[in-house]
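Here is the file model-v1.cif (mmCIF, C-alpha atoms).
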data_coords
loop_
_atom_site.label_atom_id
_atom_site.label_comp_id
_atom_site.auth_asym_id
_atom_site.auth_seq_id
_atom_site.Cartn_x
_atom_site.Cartn_y
_atom_site.Cartn_z
CA GLN T 1 53.25 78.24 88.08
CA VAL T 2 53.47 81.53 89.93
CA GLN T 3 50.52 83.86 89.56
CA LEU T 4 49.97 87.33 90.93
CA VAL T 5 46.46 88.65 90.39
CA GLU T 6 45.65 92.26 91.14
CA SER T 7 42.16 93.57 91.84
CA GLY T 8 40.45 96.62 93.27
CA GLY T 9 41.21 99.17 90.60
CA GLY T 10 38.58 101.44 89.12
CA LEU T 11 37.42 104.99 88.56
CA VAL T 12 37.41 107.35 91.53
CA GLN T 13 37.13 111.09 92.00
CA ALA T 14 40.07 113.12 93.22
CA GLY T 15 40.30 112.92 97.00
CA GLY T 16 38.81 109.45 97.07
CA SER T 17 40.27 106.12 98.11
CA LEU T 18 40.87 102.70 96.64
CA ARG T 19 42.28 99.50 98.07
CA LEU T 20 44.21 97.30 95.70
CA SER T 21 44.75 93.62 96.41
CA CYS T 22 47.22 91.18 94.92
CA ALA T 23 46.61 87.48 95.46
CA ALA T 24 49.65 85.25 95.00
CA SER T 25 49.77 81.56 94.22
CA GLY T 26 52.41 79.05 93.20
CA LEU T 27 55.09 80.43 95.51
CA THR T 28 55.91 80.46 99.21
CA PHE T 29 54.44 83.89 99.76
CA SER T 30 56.02 84.51 103.14
CA SER T 31 59.48 84.06 101.56
CA TYR T 32 59.03 86.91 99.12
CA ASP T 33 59.28 90.64 99.39
CA MET T 34 56.39 92.38 97.67
CA GLY T 35 56.16 95.61 95.74
CA TRP T 36 53.68 97.81 93.93
CA PHE T 37 54.62 99.68 90.78
CA ARG T 38 52.60 101.78 88.36
CA GLN T 39 52.79 102.83 84.76
CA ALA T 40 50.98 105.81 83.29
CA PRO T 41 50.45 106.17 79.53
CA GLU T 42 53.68 106.94 77.69
CA LYS T 43 55.68 106.81 80.91
CA GLU T 44 58.05 104.26 82.37
CA ARG T 45 56.95 101.91 85.09
CA GLU T 46 57.78 103.41 88.48
CA PHE T 47 58.07 102.26 92.05
CA VAL T 48 55.20 103.00 94.43
CA ALA T 49 55.66 100.94 97.60
CA ALA T 50 57.28 97.76 98.90
CA LEU T 51 57.12 95.55 101.95
CA SER T 52 59.64 93.08 103.28
CA ARG T 53 58.73 89.41 103.55
CA SER T 54 58.33 89.70 107.32
CA GLY T 55 56.26 92.85 107.02
CA SER T 56 58.62 94.71 109.31
CA SER T 57 60.03 97.10 106.70
CA THR T 58 58.14 99.32 104.30
CA TYR T 59 59.35 101.56 101.50
CA TYR T 60 57.46 104.29 99.67
CA ALA T 61 58.00 106.59 96.74
CA ASP T 62 57.89 110.24 97.72
CA SER T 63 54.62 110.57 95.80
CA ALA T 64 53.05 107.85 97.95
CA LYS T 65 54.28 108.82 101.40
CA GLY T 66 51.50 109.87 103.73
CA ARG T 67 48.77 108.78 101.31
CA PHE T 68 49.39 105.11 100.49
CA THR T 69 49.87 102.17 102.84
CA ILE T 70 51.21 98.77 101.84
CA SER T 71 50.40 95.73 103.93
CA ARG T 72 50.35 91.97 103.63
CA ASP T 73 48.50 89.00 105.02
CA ASN T 74 50.75 85.98 104.76
CA ALA T 75 47.91 83.68 105.81
CA LYS T 76 45.93 84.81 102.74
CA ASN T 77 48.93 85.11 100.40
CA THR T 78 47.81 88.64 99.66
CA VAL T 79 49.42 92.07 99.57
CA TYR T 80 47.38 95.27 99.70
CA LEU T 81 47.83 98.88 98.73
CA GLN T 82 45.50 101.30 100.47
CA MET T 83 45.43 104.54 98.52
CA ASN T 84 43.90 107.66 100.05
CA SER T 85 43.66 111.26 98.89
CA LEU T 86 43.98 110.15 95.30
CA MET T 87 44.97 112.69 92.69
CA PRO T 88 44.61 112.66 88.89
CA GLU T 89 48.36 112.11 88.60
CA ASP T 90 47.91 108.75 90.34
CA THR T 91 46.11 107.50 87.23
CA ALA T 92 48.02 104.47 85.95
CA VAL T 93 48.04 100.72 85.67
CA TYR T 94 49.17 99.34 89.01
CA TYR T 95 51.24 96.17 89.14
CA CYS T 96 52.23 94.01 92.06
CA ALA T 97 55.53 92.18 92.04
CA ALA T 98 57.29 89.52 94.09
CA GLY T 99 60.99 89.04 94.59
CA ARG T 100 63.78 88.35 97.01
CA VAL T 101 65.37 91.70 97.78
CA TYR T 102 68.49 91.69 99.88
CA SER T 103 69.17 95.35 100.51
CA GLY T 104 67.05 98.38 101.25
CA SER T 105 67.90 100.36 98.14
CA ASN T 106 66.96 97.46 95.86
CA TYR T 107 63.32 97.56 96.88
CA TYR T 108 62.90 100.55 94.57
CA ILE T 109 64.27 98.79 91.49
CA LEU T 110 62.13 96.88 88.99
CA ARG T 111 64.74 94.22 88.26
CA SER T 112 64.77 93.20 91.93
CA TYR T 113 61.41 91.52 91.37
CA THR T 114 60.99 88.16 89.65
CA TYR T 115 57.25 87.80 89.28
CA TRP T 116 54.69 90.34 88.08
CA GLY T 117 50.93 90.55 87.90
CA GLN T 118 48.95 91.66 84.88
CA GLY T 119 48.01 95.00 86.40
CA THR T 120 44.84 96.79 87.41
CA GLN T 121 43.74 100.17 86.07
CA VAL T 122 43.31 103.09 88.45
CA THR T 123 41.73 106.22 87.03
CA VAL T 124 41.34 109.36 89.13
CA SER T 125 39.06 112.06 87.74
CA SER T 126 39.45 115.71 88.63
#

Could you render the structure as structure tokens?
Amino acid sequence: QVQLVESGGGLVQAGGSLRLSCAASGLTFSSYDMGWFRQAPEKEREFVAALSRSGSSTYYADSAKGRFTISRDNAKNTVYLQMNSLMPEDTAVYYCAAGRVYSGSNYYILRSYTYWGQGTQVTVSS
């Protein structure tokens, strides 16, 4: 079955960096668009970043632009989220997701993604 396993979360001070990884198995990774979402306590899950299956197109939430970078290694079936200049408001559980997204605007939408990981906690202290 399809599995997405996130790693790399943890506790970091404001201004620090983390690199999240999401290892995929059970699917043809290169045929799927990949996204990162996050959910803070008592808030809805929100879009962070996405990357087309070819890696040629990237999409970012306004809160992530200029600080976060999404990338993928199709040979390793892994998608990454490099997060720099972290702020306390970035504290959340981060989820990776896989789906087949056929238009640019749909990359931002949760229901565009079929498979989800279990999440990794990111905590940014002030």

Apply the PyMOL selection byres ((chain T and resi 33) around 10) to the displayed file and report the matching residues as a compact mmCIF listing (two decimals) with C-alpha atoms, in the coordinates of the input.
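Result went into result_24.txt, see below:
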# COMPACT_ATOMS: atom_id res chain seq x y z
CA PHE T 29 54.44 83.89 99.76
CA SER T 30 56.02 84.51 103.14
CA SER T 31 59.48 84.06 101.56
CA TYR T 32 59.03 86.91 99.12
CA MET T 34 56.39 92.38 97.67
CA GLY T 35 56.16 95.61 95.74
CA ALA T 50 57.28 97.76 98.90
CA LEU T 51 57.12 95.55 101.95
CA SER T 52 59.64 93.08 103.28
CA ARG T 53 58.73 89.41 103.55
CA SER T 54 58.33 89.70 107.32
CA GLY T 55 56.26 92.85 107.02
CA SER T 57 60.03 97.10 106.70
CA ARG T 72 50.35 91.97 103.63
CA VAL T 79 49.42 92.07 99.57
CA ALA T 97 55.53 92.18 92.04
CA ALA T 98 57.29 89.52 94.09
CA GLY T 99 60.99 89.04 94.59
CA ARG T 100 63.78 88.35 97.01
CA VAL T 101 65.37 91.70 97.78
CA TYR T 102 68.49 91.69 99.88
CA TYR T 107 63.32 97.56 96.88
CA SER T 112 64.77 93.20 91.93
CA TYR T 113 61.41 91.52 91.37

Exercise for review: Grab the atom CA of T:Gly15 to atom CA of T:Asp90 distance for me, in Å with one decimal place.
Suggested key: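 For atom CA of T:Gly15 relative to atom CA of T:Asp90, the distance reads 10.9 Å.
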
Do you know which residues are at most 10 Å from T:Arg67 counting only C-alpha atoms, after dropping those on the same chain fewer than 5 positions away, and could you put them as an mmCIF file with C-alpha atoms, keeping the file's coordinate frame?
data_model
loop_
_atom_site.group_PDB
_atom_site.id
_atom_site.type_symbol
_atom_site.label_atom_id
_atom_site.label_comp_id
_atom_site.auth_asym_id
_atom_site.auth_seq_id
_atom_site.Cartn_x
_atom_site.Cartn_y
_atom_site.Cartn_z
ATOM 1 C CA SER T 17 40.270 106.120 98.110
ATOM 2 C CA TYR T 60 57.460 104.290 99.670
ATOM 3 C CA ASP T 62 57.890 110.240 97.720
ATOM 4 C CA GLN T 82 45.500 101.300 100.470
ATOM 5 C CA MET T 83 45.430 104.540 98.520
ATOM 6 C CA ASN T 84 43.900 107.660 100.050
ATOM 7 C CA SER T 85 43.660 111.260 98.890
ATOM 8 C CA LEU T 86 43.980 110.150 95.300
#

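From atom CA of T:Cys22 back to atom CA of T:Ile70, the distance works out to 11.0 Å.
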
Could you work out an axis-aligned bounding box for all listed atoms of stretch 32-36 of chain T, with 4 Å added on each of the six sides, and give its centre and edge lengths in Å to one decimal, as JSON?
{"center_x": 56.5, "center_y": 92.4, "center_z": 96.7, "size_x": 13.6, "size_y": 18.9, "size_z": 13.5}

Exercise for review: Give as a ChimeraX atom specification the residues that the PyMOL selection byres ((chain T and resi 1-7) around 8) matches when applied to the coordinates above.
Suggested key: /T:8-9,20-27,95-97,115-120

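Around the point (40.1, 102.4, 89.2), within 8 Å and counting only C-alpha atoms, we find these residues: Gly8, Gly9, Gly10, Leu11, Val12, Leu18, Thr120, Gln121, Val122, Thr123 and Val124 of chain T.
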
Store the residues picked out above in a file with C-alpha atoms, as a CSV table (one decimal), keeping the file's coordinate frame.
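Just written: part-v7.csv:
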chain,number,residue,atom,x,y,z
T,8,GLY,CA,40.4,96.6,93.3
T,9,GLY,CA,41.2,99.2,90.6
T,10,GLY,CA,38.6,101.4,89.1
T,11,LEU,CA,37.4,105.0,88.6
T,12,VAL,CA,37.4,107.4,91.5
T,18,LEU,CA,40.9,102.7,96.6
T,120,THR,CA,44.8,96.8,87.4
T,121,GLN,CA,43.7,100.2,86.1
T,122,VAL,CA,43.3,103.1,88.4
T,123,THR,CA,41.7,106.2,87.0
T,124,VAL,CA,41.3,109.4,89.1

Practice item. Quick one: pull the distance between atom CA of T:Asn74 and atom CA of T:Thr28, Å, one decimal. Key: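 Between atom CA of T:Asn74 and atom CA of T:Thr28 the gap is 9.4 Å.
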
Taking the file above as input, evaluate the PyMOL selection byres ((chain T and resi 39) around 6) and report the hits as a short mmCIF file (atom, residue, chain, number, x, y, z; two decimals) with C-alpha atoms, keeping the file's coordinate frame.
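File expr_10.cif, as written:
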data_model
loop_
_atom_site.label_atom_id
_atom_site.label_comp_id
_atom_site.auth_asym_id
_atom_site.auth_seq_id
_atom_site.Cartn_x
_atom_site.Cartn_y
_atom_site.Cartn_z
CA ARG T 38 52.60 101.78 88.36
CA ALA T 40 50.98 105.81 83.29
CA GLU T 44 58.05 104.26 82.37
CA ARG T 45 56.95 101.91 85.09
CA ALA T 92 48.02 104.47 85.95
CA VAL T 93 48.04 100.72 85.67
#

**Study point:** Of the listed residues T:Thr114, T:Tyr80, T:Ser103, T:Tyr108, that which approaches T:Phe47 most closely, counting all atoms listed in the file
**Key:** T:Tyr108

Review point. Nearest to T:Ser125: which of T:Gln13, T:Thr91, T:Thr58, T:Thr69 is it, counting only C-alpha atoms?
Key: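 Ranking T:Gln13, T:Thr91, T:Thr58, T:Thr69 by distance to T:Ser125, first place goes to T:Gln13.
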
Point to revise | For T:Ile109, the nearest of the candidates T:Tyr94, T:Phe37, T:Ser126, T:Pro88, counting only C-alpha atoms | key: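 When distances to T:Ile109 are compared using only C-alpha atoms, the smallest one comes from T:Phe37.
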
Write out all heavy atoms for stretch 83-94 of chain T, as a PDB file, in the frame of the given file.
ATOM      1  N   MET T  83      45.099 103.251  99.120  1.00  0.00           N
ATOM      2  CA  MET T  83      45.430 104.540  98.520  1.00  0.00           C
ATOM      3  C   MET T  83      44.358 105.555  98.911  1.00  0.00           C
ATOM      4  O   MET T  83      43.181 105.380  98.600  1.00  0.00           O
ATOM      5  CB  MET T  83      45.490 104.405  96.989  1.00  0.00           C
ATOM      6  CG  MET T  83      46.470 103.347  96.515  1.00  0.00           C
ATOM      7  SD  MET T  83      46.705 103.338  94.729  1.00  0.00           S
ATOM      8  CE  MET T  83      45.073 102.873  94.186  1.00  0.00           C
ATOM      9  N   ASN T  84      44.787 106.587  99.607  1.00  0.00           N
ATOM     10  CA  ASN T  84      43.900 107.660 100.050  1.00  0.00           C
ATOM     11  C   ASN T  84      44.299 108.960  99.386  1.00  0.00           C
ATOM     12  O   ASN T  84      45.386 109.089  98.839  1.00  0.00           O
ATOM     13  CB  ASN T  84      43.962 107.799 101.563  1.00  0.00           C
ATOM     14  CG  ASN T  84      43.537 106.546 102.295  1.00  0.00           C
ATOM     15  OD1 ASN T  84      42.672 105.794 101.828  1.00  0.00           O
ATOM     16  ND2 ASN T  84      44.134 106.300 103.450  1.00  0.00           N
ATOM     17  N   SER T  85      43.398 109.924  99.458  1.00  0.00           N
ATOM     18  CA  SER T  85      43.660 111.260  98.890  1.00  0.00           C
ATOM     19  C   SER T  85      44.194 111.162  97.467  1.00  0.00           C
ATOM     20  O   SER T  85      45.181 111.803  97.102  1.00  0.00           O
ATOM     21  CB  SER T  85      44.668 112.013  99.771  1.00  0.00           C
ATOM     22  OG  SER T  85      44.186 112.130 101.103  1.00  0.00           O
ATOM     23  N   LEU T  86      43.517 110.380  96.665  1.00  0.00           N
ATOM     24  CA  LEU T  86      43.980 110.150  95.300  1.00  0.00           C
ATOM     25  C   LEU T  86      43.914 111.414  94.465  1.00  0.00           C
ATOM     26  O   LEU T  86      43.018 112.257  94.650  1.00  0.00           O
ATOM     27  CB  LEU T  86      43.167 109.028  94.655  1.00  0.00           C
ATOM     28  CG  LEU T  86      43.559 107.624  95.129  1.00  0.00           C
ATOM     29  CD1 LEU T  86      42.463 106.620  94.829  1.00  0.00           C
ATOM     30  CD2 LEU T  86      44.874 107.200  94.493  1.00  0.00           C
ATOM     31  N   MET T  87      44.862 111.521  93.566  1.00  0.00           N
ATOM     32  CA  MET T  87      44.970 112.690  92.690  1.00  0.00           C
ATOM     33  C   MET T  87      44.972 112.211  91.239  1.00  0.00           C
ATOM     34  O   MET T  87      45.339 111.054  90.964  1.00  0.00           O
ATOM     35  CB  MET T  87      46.257 113.443  92.997  1.00  0.00           C
ATOM     36  CG  MET T  87      46.372 113.900  94.439  1.00  0.00           C
ATOM     37  SD  MET T  87      47.870 114.833  94.791  1.00  0.00           S
ATOM     38  CE  MET T  87      49.121 113.593  94.596  1.00  0.00           C
ATOM     39  N   PRO T  88      44.607 113.069  90.304  1.00  0.00           N
ATOM     40  CA  PRO T  88      44.610 112.660  88.890  1.00  0.00           C
ATOM     41  C   PRO T  88      45.951 112.110  88.439  1.00  0.00           C
ATOM     42  O   PRO T  88      46.005 111.202  87.594  1.00  0.00           O
ATOM     43  CB  PRO T  88      44.254 113.962  88.159  1.00  0.00           C
ATOM     44  CG  PRO T  88      43.402 114.706  89.129  1.00  0.00           C
ATOM     45  CD  PRO T  88      44.011 114.416  90.477  1.00  0.00           C
ATOM     46  N   GLU T  89      47.035 112.601  89.002  1.00  0.00           N
ATOM     47  CA  GLU T  89      48.360 112.110  88.600  1.00  0.00           C
ATOM     48  C   GLU T  89      48.650 110.705  89.109  1.00  0.00           C
ATOM     49  O   GLU T  89      49.678 110.116  88.749  1.00  0.00           O
ATOM     50  CB  GLU T  89      49.460 113.075  89.036  1.00  0.00           C
ATOM     51  CG  GLU T  89      49.372 113.530  90.467  1.00  0.00           C
ATOM     52  CD  GLU T  89      48.655 114.874  90.588  1.00  0.00           C
ATOM     53  OE1 GLU T  89      47.568 115.045  89.991  1.00  0.00           O
ATOM     54  OE2 GLU T  89      49.182 115.751  91.305  1.00  0.00           O
ATOM     55  N   ASP T  90      47.776 110.152  89.918  1.00  0.00           N
ATOM     56  CA  ASP T  90      47.910 108.750  90.340  1.00  0.00           C
ATOM     57  C   ASP T  90      47.323 107.798  89.304  1.00  0.00           C
ATOM     58  O   ASP T  90      47.432 106.579  89.447  1.00  0.00           O
ATOM     59  CB  ASP T  90      47.196 108.521  91.676  1.00  0.00           C
ATOM     60  CG  ASP T  90      47.855 109.277  92.824  1.00  0.00           C
ATOM     61  OD1 ASP T  90      49.095 109.265  92.899  1.00  0.00           O
ATOM     62  OD2 ASP T  90      47.118 109.868  93.638  1.00  0.00           O
ATOM     63  N   THR T  91      46.685 108.335  88.280  1.00  0.00           N
ATOM     64  CA  THR T  91      46.110 107.500  87.230  1.00  0.00           C
ATOM     65  C   THR T  91      47.196 106.690  86.528  1.00  0.00           C
ATOM     66  O   THR T  91      48.181 107.241  86.042  1.00  0.00           O
ATOM     67  CB  THR T  91      45.365 108.375  86.202  1.00  0.00           C
ATOM     68  OG1 THR T  91      44.254 109.009  86.842  1.00  0.00           O
ATOM     69  CG2 THR T  91      44.869 107.540  85.031  1.00  0.00           C
ATOM     70  N   ALA T  92      47.015 105.372  86.527  1.00  0.00           N
ATOM     71  CA  ALA T  92      48.020 104.470  85.950  1.00  0.00           C
ATOM     72  C   ALA T  92      47.506 103.040  86.056  1.00  0.00           C
ATOM     73  O   ALA T  92      46.500 102.774  86.726  1.00  0.00           O
ATOM     74  CB  ALA T  92      49.340 104.598  86.698  1.00  0.00           C
ATOM     75  N   VAL T  93      48.223 102.145  85.416  1.00  0.00           N
ATOM     76  CA  VAL T  93      48.040 100.720  85.670  1.00  0.00           C
ATOM     77  C   VAL T  93      48.971 100.356  86.820  1.00  0.00           C
ATOM     78  O   VAL T  93      50.164 100.671  86.774  1.00  0.00           O
ATOM     79  CB  VAL T  93      48.356  99.879  84.422  1.00  0.00           C
ATOM     80  CG1 VAL T  93      48.206  98.393  84.746  1.00  0.00           C
ATOM     81  CG2 VAL T  93      47.434 100.271  83.272  1.00  0.00           C
ATOM     82  N   TYR T  94      48.410  99.719  87.826  1.00  0.00           N
ATOM     83  CA  TYR T  94      49.170  99.340  89.010  1.00  0.00           C
ATOM     84  C   TYR T  94      49.486  97.853  88.963  1.00  0.00           C
ATOM     85  O   TYR T  94      48.597  97.019  88.732  1.00  0.00           O
ATOM     86  CB  TYR T  94      48.378  99.683  90.267  1.00  0.00           C
ATOM     87  CG  TYR T  94      48.420 101.159  90.584  1.00  0.00           C
ATOM     88  CD1 TYR T  94      47.728 102.070  89.793  1.00  0.00           C
ATOM     89  CD2 TYR T  94      49.155 101.654  91.657  1.00  0.00           C
ATOM     90  CE1 TYR T  94      47.780 103.433  90.056  1.00  0.00           C
ATOM     91  CE2 TYR T  94      49.204 103.002  91.935  1.00  0.00           C
ATOM     92  CZ  TYR T  94      48.521 103.886  91.130  1.00  0.00           C
ATOM     93  OH  TYR T  94      48.579 105.238  91.396  1.00  0.00           O
TER      94      TYR T  94
END
